[in-house]
Amino acid sequence: MNRLSLAVSGAIARVTEAALGPYQTAVVRIGFSATWLLFLLRELPHRHELYGPDGPWSFDLAQQLVGSNGSFTVLMWSDGRVWFEIVYALAVLSSALLMLGWRTRTMSVLFMVGVLSLQNRSVFMGDGGDNVLHLMSIYLVFTRCAQVWSLDAGRAARERAVRARGERVTDRTGPVLWGVLGLVLVAVTLAGRMQGDGLIPALLWTVWVVQGVWWLAGRRARTGEPRIMLDVVANIVHNGALLVIMAEACLIYATAGWYKIQGSRWQDGTAVYYPLHLEYFSPWPGLADLLSASGTMVMLVTYGTVLVQVAFPFTLFNRRVKNVLLAVMMTEHAVIAVVLGLPFFSLAMIAADAVFLPTGFLRRLGDRAARARDRLPRRGGRAPVPGQRAHESPETTHVGFGA
């Protein structure tokens, strides 16, 4: 009984005392924000046809669909070209800032708003990766994904150094950002724009209120207990969201594998052959012909794909086997990106897979990136904090309104 009690108390302490998987959530943040940013930049010349007023899916059709399913999109607030350009520009900006980890909590909310607004405006523009990005943009809001590899982590290190010298830390950007976004929320709510499904509006208001409480607890509380309590709640929410992200990735592979098993072309080992000869999925016909020239190779890839997808969720209990299959799946998605011309689908899936990457591998990767950055010539740059890794924050909590 004592052993069981110790195990339970240890598990509770682990979940509440720290936000787990800091490197994994950082990779997921960078991966999905970079995927969406690259997509928006690539489609910049065609944005009006894809999501804007010149698209085949007209504003009236989108309004009818949104009215029936209650999905959230700010592009339904106006059919004007200027409003569309503002929303598109904010989607690009929030993606870039989230990737860099600047005011991460705020940027994760704006990133979610941009993803949902554009995707729900034109629901037929995706290739499968948009569904993953759609879900992950919501999950990221609940994570503390800027503990490492972010501008927020560097800001936390500098503020810690300032406090160690007995000086006061002043944050003007956070309160101003919070106030401006609060005014926008009040205005659109009073104008009746927050209609349809109440999940996203409730999430926006909740995050805004919590950010205000977080600032008050850190700046105005006489004791540290309120901030400690908020840290515990934030850690629990983060760890729960991390678990959901992992479960979502496993569910995607498990369902894809089991549905493939039921298909006759997957059963006879020829399924991979057909997409290689579809004109829409053949940006490099010569390469596709080369890969499909061997019937044995086609059969091995077909059966191997099903085997890996079905088996992966069960390999999480064995680290070595999991890492091998993870490398195989990431390689497979990289091949799909090139051979079938689906780069953003593959990037989204690789970003989802990254949540399972080993911490040791990610730390080594970060160290190498930091050393490569340090070799670059600097002009007026700050020296790193002594004894601190160049890419890490000295604490596991976020600071101010970037949290």
# chains A, B, ... in the order shown; residues from 1 in each chain; ligands from 1
>>> residues_around(residues="Pro343 (chain A)", least_positions_apart="6", cutoff="12 Å", atoms="only C-alpha atoms", output="PDB file with N, CA and C atoms, in the first residue's frame")
ATOM      1  N   THR A  35       4.748  25.497 -40.860  1.00  0.00           N
ATOM      2  CA  THR A  35       3.954  24.899 -41.932  1.00  0.00           C
ATOM      3  C   THR A  35       2.891  25.854 -42.439  1.00  0.00           C
ATOM      4  N   TRP A  36       2.158  26.458 -41.506  1.00  0.00           N
ATOM      5  CA  TRP A  36       1.094  27.389 -41.885  1.00  0.00           C
ATOM      6  C   TRP A  36       1.667  28.659 -42.519  1.00  0.00           C
ATOM      7  N   LEU A  38       4.538  28.973 -44.213  1.00  0.00           N
ATOM      8  CA  LEU A  38       5.006  28.665 -45.563  1.00  0.00           C
ATOM      9  C   LEU A  38       3.835  28.500 -46.536  1.00  0.00           C
ATOM     10  N   PHE A  39       2.752  27.901 -46.069  1.00  0.00           N
ATOM     11  CA  PHE A  39       1.574  27.752 -46.918  1.00  0.00           C
ATOM     12  C   PHE A  39       0.991  29.113 -47.283  1.00  0.00           C
ATOM     13  N   ARG A  42       3.308  30.834 -49.752  1.00  0.00           N
ATOM     14  CA  ARG A  42       3.271  30.249 -51.091  1.00  0.00           C
ATOM     15  C   ARG A  42       2.003  30.638 -51.840  1.00  0.00           C
ATOM     16  N   ASP A 127      -5.724  19.429 -48.003  1.00  0.00           N
ATOM     17  CA  ASP A 127      -5.229  18.175 -48.566  1.00  0.00           C
ATOM     18  C   ASP A 127      -5.065  17.092 -47.504  1.00  0.00           C
ATOM     19  N   GLY A 128      -5.695  17.263 -46.358  1.00  0.00           N
ATOM     20  CA  GLY A 128      -5.562  16.318 -45.250  1.00  0.00           C
ATOM     21  C   GLY A 128      -4.738  16.897 -44.123  1.00  0.00           C
ATOM     22  N   GLY A 129      -3.652  17.570 -44.457  1.00  0.00           N
ATOM     23  CA  GLY A 129      -2.842  18.210 -43.427  1.00  0.00           C
ATOM     24  C   GLY A 129      -3.558  19.360 -42.755  1.00  0.00           C
ATOM     25  N   ASP A 130      -4.536  19.962 -43.454  1.00  0.00           N
ATOM     26  CA  ASP A 130      -5.279  21.076 -42.864  1.00  0.00           C
ATOM     27  C   ASP A 130      -6.104  20.612 -41.661  1.00  0.00           C
ATOM     28  N   PHE A 281      -1.054  14.044 -58.670  1.00  0.00           N
ATOM     29  CA  PHE A 281      -0.066  13.699 -57.644  1.00  0.00           C
ATOM     30  C   PHE A 281       1.280  13.301 -58.252  1.00  0.00           C
ATOM     31  N   PRO A 283       4.185  15.442 -59.594  1.00  0.00           N
ATOM     32  CA  PRO A 283       5.003  16.595 -60.013  1.00  0.00           C
ATOM     33  C   PRO A 283       6.293  16.175 -60.696  1.00  0.00           C
ATOM     34  N   GLU A 332       8.993   8.564 -44.582  1.00  0.00           N
ATOM     35  CA  GLU A 332       7.894   8.321 -45.512  1.00  0.00           C
ATOM     36  C   GLU A 332       7.180   9.613 -45.869  1.00  0.00           C
ATOM     37  N   HIS A 333       6.944  10.474 -44.874  1.00  0.00           N
ATOM     38  CA  HIS A 333       6.281  11.750 -45.156  1.00  0.00           C
ATOM     39  C   HIS A 333       7.162  12.663 -46.000  1.00  0.00           C
ATOM     40  N   ALA A 334       8.463  12.614 -45.782  1.00  0.00           N
ATOM     41  CA  ALA A 334       9.371  13.403 -46.615  1.00  0.00           C
ATOM     42  C   ALA A 334       9.318  12.926 -48.067  1.00  0.00           C
ATOM     43  N   VAL A 335       9.237  11.611 -48.270  1.00  0.00           N
ATOM     44  CA  VAL A 335       9.117  11.070 -49.620  1.00  0.00           C
ATOM     45  C   VAL A 335       7.799  11.486 -50.258  1.00  0.00           C
ATOM     46  N   ILE A 336       6.715  11.446 -49.482  1.00  0.00           N
ATOM     47  CA  ILE A 336       5.405  11.871 -49.982  1.00  0.00           C
ATOM     48  C   ILE A 336       5.442  13.327 -50.415  1.00  0.00           C
ATOM     49  N   ALA A 337       6.136  14.155 -49.632  1.00  0.00           N
ATOM     50  CA  ALA A 337       6.227  15.582 -49.960  1.00  0.00           C
ATOM     51  C   ALA A 337       6.844  15.799 -51.329  1.00  0.00           C
ATOM     52  N   MET A 349       2.247  16.489 -40.732  1.00  0.00           N
ATOM     53  CA  MET A 349       2.364  15.181 -40.100  1.00  0.00           C
ATOM     54  C   MET A 349       3.706  15.012 -39.398  1.00  0.00           C
ATOM     55  N   ILE A 350       4.785  15.537 -39.994  1.00  0.00           N
ATOM     56  CA  ILE A 350       6.094  15.468 -39.338  1.00  0.00           C
ATOM     57  C   ILE A 350       6.077  16.282 -38.048  1.00  0.00           C
TER      58      ILE A 350
END
>>> residues_around(residues="region 13-20 of chain A", least_positions_apart="2", cutoff="8 Å", atoms="only C-alpha atoms", output="PyMOL selection string")
chain A and resi 9-11+22+144+232-236+238-239+396
>>> closest_residue(among="A:Tyr280, A:Leu287, A:Trp266, A:Ser108", to="Gly304 (chain A)", atoms="only C-alpha atoms")
A:Trp266
>>> select_by_dssp(residues="region 117-349 of chain A", states="helix (DSSP H, G or I)", output="JSON, numbers by chain")
{"A": [117, 118, 119, 120, 121, 129, 130, 131, 132, 133, 134, 135, 136, 137, 138, 139, 140, 151, 152, 153, 154, 155, 156, 157, 158, 159, 160, 161, 162, 163, 164, 173, 174, 175, 176, 177, 178, 179, 180, 181, 182, 183, 184, 185, 186, 187, 188, 189, 190, 199, 200, 201, 202, 203, 204, 205, 206, 207, 208, 209, 210, 211, 212, 213, 214, 215, 216, 217, 218, 219, 225, 226, 227, 228, 229, 230, 231, 232, 233, 234, 235, 236, 237, 238, 239, 240, 241, 242, 243, 244, 245, 246, 247, 248, 249, 250, 251, 252, 253, 254, 255, 256, 257, 258, 259, 260, 261, 264, 265, 266, 267, 271, 272, 273, 275, 276, 277, 279, 280, 281, 285, 286, 287, 288, 289, 290, 291, 292, 295, 296, 297, 298, 299, 300, 301, 302, 303, 304, 305, 306, 307, 308, 309, 310, 311, 312, 313, 314, 315, 316, 317, 319, 320, 321, 322, 323, 324, 325, 326, 327, 328, 329, 330, 331, 332, 333, 334, 335, 336, 337, 338, 339, 343, 344, 345, 346, 347, 348, 349]}
>>> residues_around(residues="region 204-211 of chain A", least_positions_apart="3", cutoff="10 Å", atoms="only C-alpha atoms", output="list in words")
Arg105, Thr106, Val109, Leu110, Val113, Val141, Phe142, Gly174, Pro175, Trp178, Gly179, Leu181, Gly182, Leu185, Val186, Leu199, Ile200, Pro201, Trp214, Trp215, Leu216, Ala217, Leu230, Gly400, Phe401, Gly402 and Ala403 of chain A
>>> atom_distance(atom1="CA of Phe59 (chain A)", atom2="CA of Asn131 (chain A)")
21.7 Å
>>> residues_around(residues="region 72-74 of chain A", least_positions_apart="5", cutoff="7 Å", atoms="only C-alpha atoms", output="number ranges by chain")
A: 116-118, 120-121, 200
>>> write_last_selection(atoms="C-alpha atoms", output="short mmCIF file (atom, residue, chain, number, x, y, z; two decimals), in the first residue's frame")
data_model
loop_
_atom_site.label_atom_id
_atom_site.label_comp_id
_atom_site.auth_asym_id
_atom_site.auth_seq_id
_atom_site.Cartn_x
_atom_site.Cartn_y
_atom_site.Cartn_z
CA LEU A 116 -9.81 28.63 -38.13
CA SER A 117 -10.86 31.79 -39.96
CA LEU A 118 -9.22 30.90 -43.27
CA ASN A 120 -13.58 27.57 -42.19
CA ARG A 121 -14.05 30.24 -44.88
CA ILE A 200 -13.99 29.47 -29.49
#
>>> residues_around(residues="Met99 (chain A)", least_positions_apart="3", cutoff="10 Å", atoms="only C-alpha atoms", output="VMD selection string")
chain A and resid 26 to 35 37 93 to 96 102 104 107 to 108 146 149 to 151
>>> closest_residue(among="A:Val184, A:Val272, A:Leu326, A:Met125", to="Ser294 (chain A)", atoms="only C-alpha atoms")
A:Val272
>>> closest_residue(among="A:Phe111, A:Ile252, A:Arg103, A:His134", to="Asp171 (chain A)", atoms="only C-alpha atoms")
A:Arg103
>>> closest_atom_pairs(of="region 202-275 of chain A", to="region 354-366 of chain A", cutoff="10 Å", atoms="only C-alpha atoms", output="tab-separated table")
residue	atom	partner	partner_atom	distance
A:Leu242	CA	A:Val355	CA	8.3
A:Leu243	CA	A:Val355	CA	9.8
A:Ile245	CA	A:Val355	CA	7.8
A:Met246	CA	A:Val355	CA	6.7
A:Ala249	CA	A:Val355	CA	8.7
>>> closest_residue(among="A:Tyr253, A:Leu340, A:Leu6, A:Lys322", to="Tyr273 (chain A)", atoms="only C-alpha atoms")
A:Leu340
>>> closest_residue(among="A:Leu90, A:Met299, A:Val339, A:Leu135", to="Gly286 (chain A)", atoms="only C-alpha atoms")
A:Val339
>>> residues_around(residues="Val298 (chain A)", least_positions_apart="6", cutoff="12 Å", atoms="only C-alpha atoms", output="VMD selection string")
chain A and resid 265 to 266 268 to 276 288 to 292 304 to 305
>>> write_last_selection(atoms="N, CA, C and O atoms", output="compact mmCIF listing (two decimals), in the first residue's frame")
# COMPACT_ATOMS: atom_id res chain seq x y z
N ARG A 265 -7.14 -2.91 -52.51
CA ARG A 265 -5.85 -2.60 -53.12
C ARG A 265 -4.72 -2.66 -52.10
O ARG A 265 -3.59 -2.99 -52.45
N TRP A 266 -5.03 -2.35 -50.87
CA TRP A 266 -4.02 -2.47 -49.82
C TRP A 266 -3.81 -3.94 -49.46
O TRP A 266 -2.71 -4.36 -49.09
N ASP A 268 -4.03 -6.50 -51.59
CA ASP A 268 -3.25 -7.21 -52.62
C ASP A 268 -1.90 -6.55 -52.88
O ASP A 268 -1.15 -6.99 -53.77
N GLY A 269 -1.58 -5.46 -52.14
CA GLY A 269 -0.24 -4.87 -52.21
C GLY A 269 0.01 -3.95 -53.38
O GLY A 269 1.18 -3.69 -53.71
N THR A 270 -1.06 -3.41 -54.00
CA THR A 270 -0.88 -2.55 -55.18
C THR A 270 -1.32 -1.10 -54.94
O THR A 270 -1.27 -0.29 -55.87
N ALA A 271 -1.74 -0.75 -53.74
CA ALA A 271 -2.35 0.55 -53.50
C ALA A 271 -1.41 1.72 -53.80
O ALA A 271 -1.83 2.75 -54.31
N VAL A 272 -0.14 1.56 -53.48
CA VAL A 272 0.81 2.66 -53.67
C VAL A 272 1.03 2.95 -55.16
O VAL A 272 1.37 4.08 -55.52
N TYR A 273 0.80 1.97 -56.02
CA TYR A 273 1.06 2.14 -57.45
C TYR A 273 0.18 3.22 -58.07
O TYR A 273 0.64 4.02 -58.90
N TYR A 274 -1.09 3.28 -57.67
CA TYR A 274 -2.06 4.12 -58.37
C TYR A 274 -1.86 5.63 -58.16
O TYR A 274 -1.90 6.39 -59.14
N PRO A 275 -1.66 6.11 -56.94
CA PRO A 275 -1.43 7.57 -56.81
C PRO A 275 -0.15 8.02 -57.52
O PRO A 275 -0.06 9.19 -57.91
N LEU A 276 0.82 7.13 -57.70
CA LEU A 276 2.05 7.51 -58.40
C LEU A 276 1.80 7.79 -59.88
O LEU A 276 2.65 8.42 -60.53
N ALA A 288 8.29 9.11 -60.22
CA ALA A 288 7.18 8.21 -59.91
C ALA A 288 7.29 6.91 -60.70
O ALA A 288 7.04 5.81 -60.17
N ASP A 289 7.66 7.02 -61.97
CA ASP A 289 7.83 5.81 -62.79
C ASP A 289 8.96 4.94 -62.26
O ASP A 289 8.86 3.70 -62.27
N LEU A 290 10.03 5.57 -61.81
CA LEU A 290 11.16 4.82 -61.28
C LEU A 290 10.77 4.04 -60.03
O LEU A 290 11.14 2.87 -59.86
N LEU A 291 9.99 4.69 -59.13
CA LEU A 291 9.60 4.04 -57.88
C LEU A 291 8.59 2.92 -58.11
O LEU A 291 8.53 1.96 -57.34
N SER A 292 7.77 3.06 -59.15
CA SER A 292 6.72 2.05 -59.39
C SER A 292 7.14 0.99 -60.40
O SER A 292 6.34 0.11 -60.74
N GLY A 304 4.30 -2.26 -45.91
CA GLY A 304 5.06 -1.60 -44.86
C GLY A 304 4.34 -0.39 -44.29
O GLY A 304 4.37 -0.15 -43.08
N THR A 305 3.67 0.38 -45.17
CA THR A 305 2.91 1.54 -44.71
C THR A 305 1.81 1.13 -43.74
O THR A 305 1.63 1.73 -42.67
>>> closest_residue(among="A:Leu342, A:Leu183, A:Ile12, A:Val169", to="Gly218 (chain A)", atoms="only C-alpha atoms")
A:Val169
>>> atom_distance(atom1="CA of Val213 (chain A)", atom2="CA of Gln195 (chain A)")
26.2 Å
>>> atom_distance(atom1="CA of Leu251 (chain A)", atom2="CA of Ser71 (chain A)")
23.1 Å
